[in-house]
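File shown here: start09.txt, holding compact mmCIF, C-alpha atoms.
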# COMPACT_ATOMS: atom_id res chain seq x y z
CA MET I 917 -10.36 -0.82 61.65
CA GLN I 918 -10.49 1.72 64.46
CA ARG I 919 -13.92 3.04 63.49
CA VAL I 920 -15.31 -0.48 63.19
CA CYS I 921 -14.21 -1.31 66.71
CA ARG I 922 -15.67 1.91 68.09
CA ALA I 923 -18.94 1.16 66.41
CA TRP I 924 -19.04 -2.28 67.96
CA VAL I 925 -18.52 -1.16 71.55
CA ALA I 926 -20.44 2.13 71.37
CA PRO I 927 -23.85 0.65 72.21
CA TYR I 928 -22.44 -0.65 75.48
CA LEU I 929 -20.93 2.63 76.60
CA SER I 930 -22.76 5.20 78.70
CA HIS I 931 -22.56 8.59 77.03
CA SER I 932 -24.23 11.92 77.68
CA PRO I 933 -25.60 13.55 75.61
CA LYS I 934 -27.34 10.77 73.71
CA LEU I 935 -25.46 9.15 70.87
CA ALA I 936 -26.70 9.42 67.30
CA TRP I 937 -25.84 7.45 64.16
CA LYS I 938 -23.62 9.14 61.62
CA ARG I 939 -24.02 7.87 58.07
CA PRO I 940 -20.70 6.70 56.50
CA HIS I 941 -19.52 7.42 52.96
CA SER I 942 -20.22 4.64 50.49
CA ASN I 943 -16.50 3.92 49.94
CA SER I 944 -15.55 3.76 53.61
CA ILE I 945 -14.57 0.55 55.32
CA ASN I 946 -17.61 0.99 57.61
CA SER I 947 -19.88 0.70 54.58
CA ILE I 948 -18.02 -2.34 53.26
CA VAL I 949 -18.36 -4.37 56.45
CA GLY I 950 -21.82 -3.06 57.32
CA PHE I 951 -20.93 -0.92 60.35
CA ARG I 952 -21.61 2.71 61.15
CA TYR I 953 -19.63 4.71 63.63
CA TRP I 954 -21.06 6.83 66.40
CA SER I 955 -21.06 10.58 66.89
CA THR I 956 -21.44 12.17 70.32
CA ARG I 957 -23.66 14.93 68.85
CA ALA I 958 -26.76 15.37 71.02
CA ALA I 959 -29.99 14.01 69.54
CA GLU I 960 -32.24 16.80 68.28
CA PRO I 961 -35.48 17.09 70.30
CA TYR I 962 -38.88 17.20 68.59
CA ARG I 963 -41.87 19.36 69.36
CA PRO I 964 -45.55 18.71 68.58
CA VAL I 965 -46.95 21.58 66.50
CA ALA I 966 -50.57 21.83 65.34
CA PHE I 967 -52.60 24.39 63.43
CA TYR I 968 -55.64 24.65 61.19
CA SER I 969 -57.16 27.14 58.78
CA LEU I 970 -60.62 26.99 57.22
CA ARG I 971 -60.14 28.12 53.61
CA PRO I 972 -62.40 27.94 50.51
CA TRP I 973 -59.77 26.45 48.21
CA PRO I 974 -60.61 25.05 44.76
CA GLN I 975 -59.54 21.46 44.12
CA SER I 976 -56.62 22.57 41.95
CA THR I 977 -55.15 24.50 44.88
CA VAL I 978 -55.47 21.53 47.22
CA SER I 979 -53.64 19.22 44.81
CA ARG I 980 -50.87 21.75 44.28
CA LEU I 981 -50.45 22.30 48.02
CA GLN I 982 -50.28 18.61 48.77
CA SER I 983 -47.19 18.18 46.61
CA ARG I 984 -45.50 21.42 47.64
CA ILE I 985 -45.98 20.91 51.38
CA LYS I 986 -44.69 17.35 51.25
CA ASP I 987 -41.51 18.35 49.39
CA GLN I 988 -40.74 21.16 51.84
CA LEU I 989 -41.50 19.35 55.09
CA GLN I 990 -39.40 16.35 54.11
CA ARG I 991 -36.40 18.68 53.88
CA PHE I 992 -36.97 19.63 57.52
CA ASN I 993 -37.42 16.00 58.68
CA VAL I 994 -40.99 16.75 59.75
CA VAL I 995 -43.37 13.87 60.41
CA GLY I 996 -47.07 14.01 61.19
CA ARG I 997 -50.49 14.12 59.64
CA ILE I 998 -51.98 16.84 57.43
CA TYR I 999 -55.51 16.89 56.03
CA LEU I 1000 -56.42 19.10 53.08
CA ALA I 1001 -59.93 19.74 51.74
CA SER I 1002 -61.42 21.86 48.98
CA ASP I 1003 -64.40 24.21 48.95
CA ARG I 1004 -66.63 21.31 47.96
CA GLY I 1005 -66.89 20.65 51.70
CA ILE I 1006 -65.36 22.07 54.88
CA GLY I 1007 -62.18 23.21 53.16
CA GLY I 1008 -58.73 24.22 54.34
CA ILE I 1009 -55.93 22.56 56.27
CA ASN I 1010 -55.69 20.69 59.57
CA ALA I 1011 -52.14 19.77 60.61
CA GLN I 1012 -50.67 17.80 63.51
CA LEU I 1013 -46.91 17.77 63.11
CA CYS I 1014 -43.79 16.68 64.94
CA VAL I 1015 -40.98 19.11 64.10
CA PRO I 1016 -37.29 19.10 65.05
CA VAL I 1017 -36.96 22.06 67.41
CA CYS I 1018 -34.21 23.62 65.29
CA HIS I 1019 -36.60 23.77 62.29
CA ILE I 1020 -39.75 25.12 63.96
CA GLU I 1021 -39.21 28.72 62.89
CA ALA I 1022 -38.45 27.71 59.30
CA VAL I 1023 -41.52 25.45 59.11
CA GLN I 1024 -43.84 28.15 60.44
CA THR I 1025 -42.34 30.73 58.08
CA PHE I 1026 -42.93 28.35 55.18
CA PHE I 1027 -46.65 28.11 55.93
CA ASP I 1028 -47.03 31.80 56.81
CA THR I 1029 -45.59 32.87 53.45
CA LEU I 1030 -47.57 30.50 51.26
CA PRO I 1031 -49.72 32.56 48.85
CA GLU I 1032 -52.67 30.27 49.61
CA PHE I 1033 -52.73 31.62 53.20
CA LYS I 1034 -52.69 35.28 52.23
CA GLY I 1035 -54.93 37.23 54.57
CA ALA I 1036 -55.02 34.44 57.14
CA THR I 1037 -53.36 34.40 60.54
CA LEU I 1038 -52.18 30.91 61.44
CA GLU I 1039 -52.27 30.15 65.15
CA TYR I 1040 -49.71 27.47 66.03
CA ASN I 1041 -50.30 25.26 69.05
CA HIS I 1042 -47.07 23.86 70.47
CA GLY I 1043 -47.14 20.71 72.60
CA MET I 1044 -46.66 20.91 76.35
CA GLU I 1045 -43.39 18.94 76.26
CA ASP I 1046 -40.64 18.27 73.74
CA THR I 1047 -39.91 14.62 72.96
CA ASP I 1048 -36.74 12.64 72.30
CA GLN I 1049 -38.42 10.65 69.54
CA PRO I 1050 -40.99 11.62 66.89
CA ILE I 1051 -44.59 11.07 68.00
CA PHE I 1052 -45.55 10.07 64.44
CA GLN I 1053 -43.89 7.39 62.35
CA ARG I 1054 -43.95 9.24 59.05
CA LEU I 1055 -45.38 12.21 57.17
CA LYS I 1056 -48.87 11.78 55.72
CA ILE I 1057 -50.58 14.47 53.64
CA MET I 1058 -54.07 13.42 52.63
CA GLN I 1059 -57.00 14.96 50.79
CA LYS I 1060 -60.44 14.62 52.38
CA PRO I 1061 -63.95 15.72 51.44
CA ASN I 1062 -64.15 17.64 54.76
CA LEU I 1063 -61.57 18.62 57.35
CA VAL I 1064 -63.89 17.30 60.06
CA ALA I 1065 -66.65 14.68 59.84
CA VAL I 1066 -69.90 16.51 59.15
CA PRO I 1067 -73.27 15.58 57.61
CA ASP I 1068 -73.32 15.71 53.82
CA THR I 1069 -76.07 18.33 53.97
CA LEU I 1070 -73.85 20.84 55.76
CA LYS I 1071 -72.69 23.59 53.41
CA ALA I 1072 -69.24 25.17 53.51
CA ASP I 1073 -70.60 28.72 53.31
CA ILE I 1074 -71.68 28.55 56.97
CA LEU I 1075 -68.04 28.98 58.00
CA SER I 1076 -68.36 32.74 57.67
CA LYS I 1077 -70.45 32.55 60.86
CA ALA I 1078 -67.75 30.88 62.95
CA PRO I 1079 -67.48 32.21 66.53
CA LYS I 1080 -64.83 34.59 67.75
CA HIS I 1081 -62.24 33.15 70.11
CA LEU I 1082 -61.48 33.87 73.74
CA THR I 1083 -57.91 33.91 74.93
CA PRO I 1084 -57.13 31.43 77.75
CA GLU I 1085 -56.93 34.37 80.16
CA GLN I 1086 -60.40 35.59 79.19
CA TRP I 1087 -61.77 32.04 79.26
CA HIS I 1088 -60.34 31.36 82.72
CA ARG I 1089 -61.54 34.66 84.15
CA ASP I 1090 -65.09 34.26 82.86
CA LEU I 1091 -65.62 30.60 83.77
CA SER I 1092 -64.22 31.27 87.23
CA THR I 1093 -67.09 33.65 87.95
CA CYS I 1094 -70.05 32.11 86.07
CA SER I 1095 -72.62 29.84 87.72
CA ASN I 1096 -72.56 26.06 87.58
CA ASP I 1097 -75.69 26.20 85.41
CA THR I 1098 -73.82 27.86 82.54
CA LEU I 1099 -73.78 25.60 79.50
CA LEU I 1100 -70.18 24.55 78.88
CA ILE I 1101 -69.96 22.02 76.03
CA ASP I 1102 -67.11 19.59 75.46
CA MET I 1103 -67.10 19.11 71.67
CA ARG I 1104 -64.83 16.05 71.79
CA ASN I 1105 -65.50 12.31 71.71
CA HIS I 1106 -66.44 10.37 74.84
CA TYR I 1107 -63.00 8.86 75.48
CA GLU I 1108 -61.34 12.28 75.26
CA TYR I 1109 -63.74 13.62 77.89
CA ASP I 1110 -63.19 10.67 80.22
CA VAL I 1111 -59.47 11.31 80.79
CA GLY I 1112 -59.63 15.10 81.14
CA ARG I 1113 -62.16 17.94 81.07
CA PHE I 1114 -63.14 21.38 82.30
CA ASN I 1115 -65.15 21.61 85.50
CA ASN I 1116 -68.92 21.32 84.96
CA ALA I 1117 -68.51 20.55 81.24
CA THR I 1118 -71.33 18.76 79.42
CA ARG I 1119 -70.29 15.35 78.09
CA MET I 1120 -71.53 14.71 74.56
CA ASN I 1121 -71.04 10.92 74.87
CA VAL I 1122 -70.52 10.58 71.10
CA ASP I 1123 -68.11 8.61 68.96
CA THR I 1124 -67.73 11.13 66.12
CA PHE I 1125 -67.95 14.85 65.54
CA ARG I 1126 -70.82 14.25 63.11
CA GLU I 1127 -72.90 12.83 65.97
CA SER I 1128 -72.02 15.75 68.25
CA LEU I 1129 -73.78 18.20 65.93
CA GLU I 1130 -77.05 16.35 66.47
CA VAL I 1131 -76.56 16.48 70.25
CA LEU I 1132 -75.69 20.16 70.02
CA ASP I 1133 -79.06 20.87 68.43
CA GLU I 1134 -80.79 19.42 71.48
CA LEU I 1135 -78.58 21.20 73.99
CA VAL I 1136 -79.33 24.70 72.68
CA LYS I 1137 -83.00 24.08 71.97
CA GLY I 1138 -85.17 26.25 74.17
CA LYS I 1139 -82.28 28.04 75.86
CA ASP I 1140 -83.18 31.22 77.74
CA ARG I 1141 -82.61 34.43 75.86
CA ASN I 1142 -79.32 36.21 76.42
CA GLU I 1143 -77.77 33.07 77.91
CA ALA I 1144 -74.06 32.56 77.16
CA ILE I 1145 -72.84 29.22 75.81
CA TYR I 1146 -69.21 28.09 75.94
CA MET I 1147 -67.57 25.33 73.93
CA TYR I 1148 -64.08 23.85 73.71
CA CYS I 1149 -62.12 21.06 72.01
CA THR I 1150 -58.49 19.98 71.67
CA GLY I 1151 -57.19 22.62 69.27
CA GLY I 1152 -60.20 24.66 68.12
CA ILE I 1153 -61.25 23.33 64.71
CA ARG I 1154 -64.25 21.35 65.92
CA CYS I 1155 -65.57 24.38 67.82
CA SER I 1156 -65.12 26.64 64.81
CA VAL I 1157 -67.30 24.37 62.71
CA ALA I 1158 -69.81 23.64 65.50
CA GLY I 1159 -70.30 27.32 66.31
CA ALA I 1160 -70.92 28.11 62.66
CA TYR I 1161 -73.26 25.14 62.37
CA ILE I 1162 -75.53 26.12 65.24
CA SER I 1163 -75.62 29.72 64.05
CA ASP I 1164 -76.87 28.46 60.72
CA LYS I 1165 -79.62 26.34 62.25
CA GLY I 1166 -82.14 29.16 62.38
CA TYR I 1167 -80.76 31.19 65.26
CA SER I 1168 -80.59 34.29 63.13
CA ASN I 1169 -79.65 36.59 66.00
CA VAL I 1170 -76.76 34.59 67.31
CA ASN I 1171 -73.91 36.85 68.35
CA MET I 1172 -70.44 35.33 68.63
CA VAL I 1173 -68.36 37.93 70.41
CA SER I 1174 -65.40 38.34 72.72
CA ILE I 1175 -65.94 38.08 76.44
CA VAL I 1176 -64.65 41.63 76.85
CA ASN I 1177 -67.33 43.03 74.57
CA ILE I 1178 -70.71 41.47 75.39
CA PRO I 1179 -73.48 43.55 73.82
CA THR I 1180 -76.65 44.45 75.69
CA PRO I 1181 -79.80 43.60 73.71
CA SER I 1182 -81.81 46.64 72.69
CA ARG I 1183 -85.06 44.66 72.57
CA ARG I 1184 -86.26 42.17 75.18
CA ASP I 1185 -87.82 39.91 72.55
CA ARG I 1186 -84.54 39.20 70.76
CA LEU I 1187 -83.11 35.71 71.19
CA ILE I 1188 -79.37 36.10 71.65
CA LEU I 1189 -77.07 33.14 72.22
CA LEU I 1190 -73.52 34.17 73.01
CA PHE I 1191 -71.09 31.50 71.80
CA PHE I 1192 -67.62 31.59 73.30
CA GLN I 1193 -64.83 29.42 71.92
CA LEU I 1194 -61.54 28.81 73.70
CA LYS I 1195 -58.79 30.08 71.40
CA GLY I 1196 -56.24 27.36 70.73
CA GLY I 1197 -58.32 24.81 72.62
CA ILE I 1198 -57.17 22.84 75.64
CA THR I 1199 -53.56 22.81 74.48
CA ASN I 1200 -53.35 26.60 74.63
CA TYR I 1201 -55.07 26.66 78.00
CA GLY I 1202 -52.50 24.17 79.28
CA HIS I 1203 -49.69 26.56 78.35
CA PHE I 1204 -51.54 29.38 80.12
CA VAL I 1205 -51.81 27.30 83.30
CA ARG I 1206 -48.15 26.31 83.23
CA ASN I 1207 -46.62 29.64 82.20
CA ASN I 1208 -48.64 31.61 84.76
CA LYS I 1209 -48.36 28.99 87.50
CA VAL I 1210 -52.15 28.90 87.81
CA LYS I 1211 -53.03 26.84 90.88
CA ASP I 1212 -56.76 26.66 90.23
CA SER I 1213 -56.78 25.20 86.71
CA LEU I 1214 -60.33 24.80 85.44
CA PHE I 1215 -59.23 21.88 83.28
CA ARG I 1216 -58.38 18.72 85.19
CA GLY I 1217 -56.57 15.61 84.03
CA SER I 1218 -55.01 14.79 80.68
CA ASN I 1219 -55.69 16.25 77.24
CA PHE I 1220 -56.04 13.36 74.78
CA THR I 1221 -53.93 13.68 71.62
CA PHE I 1222 -54.22 11.74 68.37
CA ASP I 1223 -50.58 10.70 68.18
CA GLY I 1224 -48.12 8.34 69.80
CA ARG I 1225 -48.30 10.13 73.15
CA ARG I 1226 -52.02 9.48 73.61
CA GLY I 1227 -52.24 12.59 75.75
CA GLU I 1228 -50.65 15.60 77.44
CA ARG I 1229 -51.00 16.05 81.18
CA ILE I 1230 -52.46 19.39 82.27
CA THR I 1231 -52.90 18.64 85.99
CA ASP I 1232 -52.04 15.72 88.25
CA ASP I 1233 -55.70 14.77 88.64
CA VAL I 1234 -56.52 11.24 87.44
CA LEU I 1235 -60.23 11.15 86.56
CA ALA I 1236 -60.55 7.74 84.89
CA HIS I 1237 -59.96 4.13 85.90
CA CYS I 1238 -58.35 1.04 84.41
CA HIS I 1239 -60.96 -0.90 82.44
CA GLN I 1240 -59.58 -4.19 83.78
CA CYS I 1241 -58.82 -3.76 87.47
CA GLY I 1242 -60.48 -0.43 88.28
CA ALA I 1243 -57.32 1.27 89.54
CA PRO I 1244 -57.01 5.05 88.96
CA CYS I 1245 -55.50 5.50 85.50
CA ASP I 1246 -56.03 7.78 82.51
CA VAL I 1247 -53.62 6.34 79.92
CA LEU I 1248 -55.38 5.19 76.77
CA SER I 1249 -53.72 2.50 74.66
CA ASN I 1250 -54.66 0.09 71.90
CA CYS I 1251 -55.07 -3.66 72.36
CA ALA I 1252 -51.98 -5.54 71.13
CA ASN I 1253 -54.22 -7.73 68.98
CA ASN I 1254 -54.20 -5.70 65.77
CA PHE I 1255 -57.45 -7.32 64.65
CA CYS I 1256 -59.12 -5.87 67.74
CA HIS I 1257 -57.10 -2.66 68.29
CA LEU I 1258 -59.51 -1.57 71.04
CA LEU I 1259 -58.73 1.86 72.52
CA PHE I 1260 -59.07 1.37 76.26
CA ILE I 1261 -57.59 2.39 79.59
CA GLN I 1262 -55.08 -0.09 80.99
CA CYS I 1263 -52.88 0.59 84.01
CA PRO I 1264 -49.17 -0.38 83.96
CA ALA I 1265 -49.79 -3.42 86.18
CA CYS I 1266 -52.47 -4.78 83.83
CA GLN I 1267 -50.35 -3.99 80.78
CA LYS I 1268 -47.62 -6.21 82.16
CA LYS I 1269 -49.96 -8.90 83.48
CA HIS I 1270 -52.07 -9.15 80.32
CA GLU I 1271 -49.36 -8.32 77.75
CA LYS I 1272 -51.25 -5.21 76.55
CA LEU I 1273 -54.26 -7.33 75.56
CA CYS I 1274 -57.84 -6.42 76.39
CA SER I 1275 -59.47 -9.85 76.75
CA SER I 1276 -58.95 -13.59 76.89
CA GLU I 1277 -60.26 -13.83 73.32
CA CYS I 1278 -57.51 -11.51 72.09
CA ARG I 1279 -54.95 -13.54 74.02
CA ASP I 1280 -56.12 -16.70 72.26
CA VAL I 1281 -55.95 -14.96 68.87
CA VAL I 1282 -52.43 -13.65 69.46
CA ASN I 1283 -51.25 -17.06 70.66
CA GLY I 1284 -52.74 -18.79 67.62
CA HIS I 1285 -55.41 -20.71 69.55
CA LYS I 1286 -58.34 -18.97 67.90
CA GLU I 1287 -59.20 -17.14 64.69
CA TRP I 1288 -60.59 -13.61 64.69
CA ASN I 1289 -63.99 -13.70 63.05
CA HIS I 1290 -65.53 -10.34 63.96
CA PRO I 1291 -66.38 -7.88 61.13
CA TYR I 1292 -64.73 -4.47 61.28
CA ASP I 1293 -66.67 -1.94 63.34
CA TYR I 1294 -65.22 1.43 64.27
CA ARG I 1295 -67.30 1.71 67.43
CA SER I 1296 -66.09 -1.63 68.70
CA GLN I 1297 -62.57 -0.18 68.68
CA ILE I 1298 -63.42 2.86 70.81
CA ARG I 1299 -66.31 1.63 72.99
CA PRO I 1300 -64.92 -0.88 75.51
CA PRO I 1301 -67.29 -2.77 77.83
CA LEU I 1302 -67.59 -1.40 81.34
CA ARG I 1303 -64.88 -3.78 82.51
CA GLN I 1304 -62.55 -5.87 80.37
CA LYS I 1305 -61.81 -9.27 81.89
CA LEU I 1306 -59.05 -11.81 81.34

For this file, write the structure as C-alpha cells.
Amino acid sequence: MQRVCRAWVAPYLSHSPKLAWKRPHSNSINSIVGFRYWSTRAAEPYRPVAFYSLRPWPQSTVSRLQSRIKDQLQRFNVVGRIYLASDRGIGGINAQLCVPVCHIEAVQTFFDTLPEFKGATLEYNHGMEDTDQPIFQRLKIMQKPNLVAVPDTLKADILSKAPKHLTPEQWHRDLSTCSNDTLLIDMRNHYEYDVGRFNNATRMNVDTFRESLEVLDELVKGKDRNEAIYMYCTGGIRCSVAGAYISDKGYSNVNMVSIVNIPTPSRRDRLILLFFQLKGGITNYGHFVRNNKVKDSLFRGSNFTFDGRRGERITDDVLAHCHQCGAPCDVLSNCANNFCHLLFIQCPACQKKHEKLCSSECRDVVNGHKEWNHPYDYRSQIRPPLRQKL
C-alpha cells in the first residue's frame, strides 16, 4: 500500500522539478484501486515549431503524406495543426506544431528526409519561448483545396514567381534607412495588426487573406517606377503567395530580388517593382532582435499566433486597448459563450469582472436566462464593436 499512500499525498507536496504521472502496470495494486504513483522526473518542455513549403503535389501524394506524417508525429508526442493541399490549388504543406524539446531534431530530420521534399529547403521557425504545456490540444492533419484562402481564379502556376526573401538582418538594415513614404505592407488580418506591427506599416484592415489580395491590387496601382515594396506576415507563407500574385497581375517586369543585389534599370521606361519579403516572418525577426540584443526593434508589440498562446511578445510596447474599459492591453481571447466565441481584447481586470464574457447578452445566455438566436457569421466572431459593454 506504500505506493497508494504516496500517490494520495503527492498532489499536496511541493516538489521541484515538476511532478509527472507515471503509468502503472495493469496488474499492480495501483491499477486495481485506481491510483497512479508519482515520479519526480522533470516535465518535458514543449517548443512551438512552424514551417511551410509550396509544392505541386498530386492528390495521391497528399493522401499518402497525411497518413505517414500522422503515424510518425504521434510517436514523438507532437500536437498541432498541419494543412496539406495538392496541385489543384496552392499546394504543399503548412505546419504549426508543438514539439517536445527532446524530439525537435528527430521531427525536423523526419520532414527533411521525406522524398516528397527532395530539392526543397525547409525553414523552421521556432517559437520565442518554450512552454510547460502543449499550446495545441491534439494533432490535426487536414487536406484543403488551398494552403491559404485565395480566389478560385488564382492558378497554382504563379508560385514560380514568388519573391526572394530578406534575412532579418537585411530587413532591419534596409527599413532603418528608408523613408517613411516607403510602402511597407502588413499582409495579416486586422486583429493581428492591432496588437503588434512594424513601424509605418500599411494596415490592410481585412478579415481574410483572400480580401487582402484585392487591397494589394489597389496599393500597387500607379506606383512610381523603380519603387521598392516590402511585405511581411507571421511566418512567410502569405507573403510568398501575395508576392507571386501581384507579379502575375500584369506587372511583367517585376523583379523580386535580395536587398544586397538591387539591379539598376537599363531603360528609364521600364516599370520595376522591387518586392522584398521578410524571411521567416515576424517570428524570425523576433529571434534576431532577442539574440542580437537589438534596442531599436522596428517591430513593436506582440506577434499574434493561431494557437493557445494567442501571441508572442516581441517588445514591451502595448499598442492596443481593452475593448471593454479602454485600458492598455494587447491580449486577445475568445468570449466564454461558445455560441458567440468573439475574438476580442479583454484586460485581466475585465476578464475577472465579466467572467471572460464580452457582453450582457452573452452573460444571459451562459446563465440560462436567454437563448442564442444569431446565425453563424465568421466576421461577427473577429469584428468586435468599438467598445463592448456589460

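When the distance limit is 8 Å and only C-alpha atoms are what count, the residues near Ile998 of chain I, minus those fewer than 6 positions from it on the same chain, are Ile1009, Asn1010, Ala1011, Gln1012, Leu1013, Lys1056, Ile1057 and Met1058 of chain I.
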
Take the selection from the previous step and output its residues with C-alpha atoms, as a PDB file, keeping the file's coordinate frame.
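Okay, selection-v8.pdb is ready:
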ATOM      1  CA  ILE I1009     -55.930  22.560  56.270  1.00  0.00           C
ATOM      2  CA  ASN I1010     -55.690  20.690  59.570  1.00  0.00           C
ATOM      3  CA  ALA I1011     -52.140  19.770  60.610  1.00  0.00           C
ATOM      4  CA  GLN I1012     -50.670  17.800  63.510  1.00  0.00           C
ATOM      5  CA  LEU I1013     -46.910  17.770  63.110  1.00  0.00           C
ATOM      6  CA  LYS I1056     -48.870  11.780  55.720  1.00  0.00           C
ATOM      7  CA  ILE I1057     -50.580  14.470  53.640  1.00  0.00           C
ATOM      8  CA  MET I1058     -54.070  13.420  52.630  1.00  0.00           C
TER       9      MET I1058
END

Would you compute the distance between atom CA of Arg1004 of chain I and atom CA of His1081 of chain I? Give it in Å to one decimal.
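For atom CA of Arg1004 of chain I relative to atom CA of His1081 of chain I, the distance reads 25.5 Å.
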
Counting all atoms listed in the file, the option among I:Val1066, I:Val1023, I:Ala1117, I:Leu1248 closest to Phe967 of chain I
I:Val1023

Between I:Leu1091, I:Ile1153, I:Leu1273, I:Asp1102, single out the one closest to Asp1212 of chain I, counting all atoms listed in the file.
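Ranking I:Leu1091, I:Ile1153, I:Leu1273, I:Asp1102 by distance to Asp1212 of chain I, first place goes to I:Leu1091.
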
Hey, what's within 9 Å of His1203 of chain I if we count only C-alpha atoms and toss same-chain stuff fewer than 5 positions away? As a list in words, please?
His1042, Gly1043, Met1044, Pro1084, Ile1198, Asn1208 and Ile1230 of chain I

I'd like the box whose edges run along x, y and z of the file and which contains every listed atom of segment 1100-1113 of chain I, padded by 3 Å per side; could you state its centre and edge lengths in Å, one decimal, as JSON?
{"center_x": -64.8, "center_y": 16.7, "center_z": 76.4, "size_x": 16.7, "size_y": 21.7, "size_z": 15.5}

Option closest in space to Thr1118 of chain I, from I:Asp1097, I:Asp1223, I:Glu1287, I:Asp1233 [counting only C-alpha atoms]
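Residue with the minimum atom-to-atom distance to Thr1118 of chain I: I:Asp1097.
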
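Interatomic distance, atom CA of Phe992 of chain I to atom CA of Glu960 of chain I: 12.1 Å.
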
So how far away is atom CA of Val1281 of chain I from atom CA of His1239 of chain I, in Å?
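Between atom CA of His1239 of chain I and atom CA of Val1281 of chain I the gap works out to 20.2 Å.
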
Point out the residue among I:Leu970, I:Ile1051, I:Leu981, I:Ala1144 with the least atom-to-atom distance to Ala1036 of chain I, counting only C-alpha atoms.
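Using only C-alpha atoms, Ala1036 of chain I sits closest to I:Leu970.
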
Do you know which residues are at most 10 Å from Thr1221 of chain I counting only C-alpha atoms, after dropping those on the same chain fewer than 2 positions away, and could you put them as a JSON list (two decimals) with C-alpha atoms, keeping the file's coordinate frame?
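What ended up in part-v1.json:
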[["chain", "number", "residue", "atom", "x", "y", "z"],
["I", 1012, "GLN", "CA", -50.67, 17.80, 63.51],
["I", 1043, "GLY", "CA", -47.14, 20.71, 72.60],
["I", 1108, "GLU", "CA", -61.34, 12.28, 75.26],
["I", 1150, "THR", "CA", -58.49, 19.98, 71.67],
["I", 1151, "GLY", "CA", -57.19, 22.62, 69.27],
["I", 1199, "THR", "CA", -53.56, 22.81, 74.48],
["I", 1218, "SER", "CA", -55.01, 14.79, 80.68],
["I", 1219, "ASN", "CA", -55.69, 16.25, 77.24],
["I", 1223, "ASP", "CA", -50.58, 10.70, 68.18],
["I", 1224, "GLY", "CA", -48.12, 8.34, 69.80],
["I", 1225, "ARG", "CA", -48.30, 10.13, 73.15],
["I", 1226, "ARG", "CA", -52.02, 9.48, 73.61],
["I", 1227, "GLY", "CA", -52.24, 12.59, 75.75],
["I", 1228, "GLU", "CA", -50.65, 15.60, 77.44]]
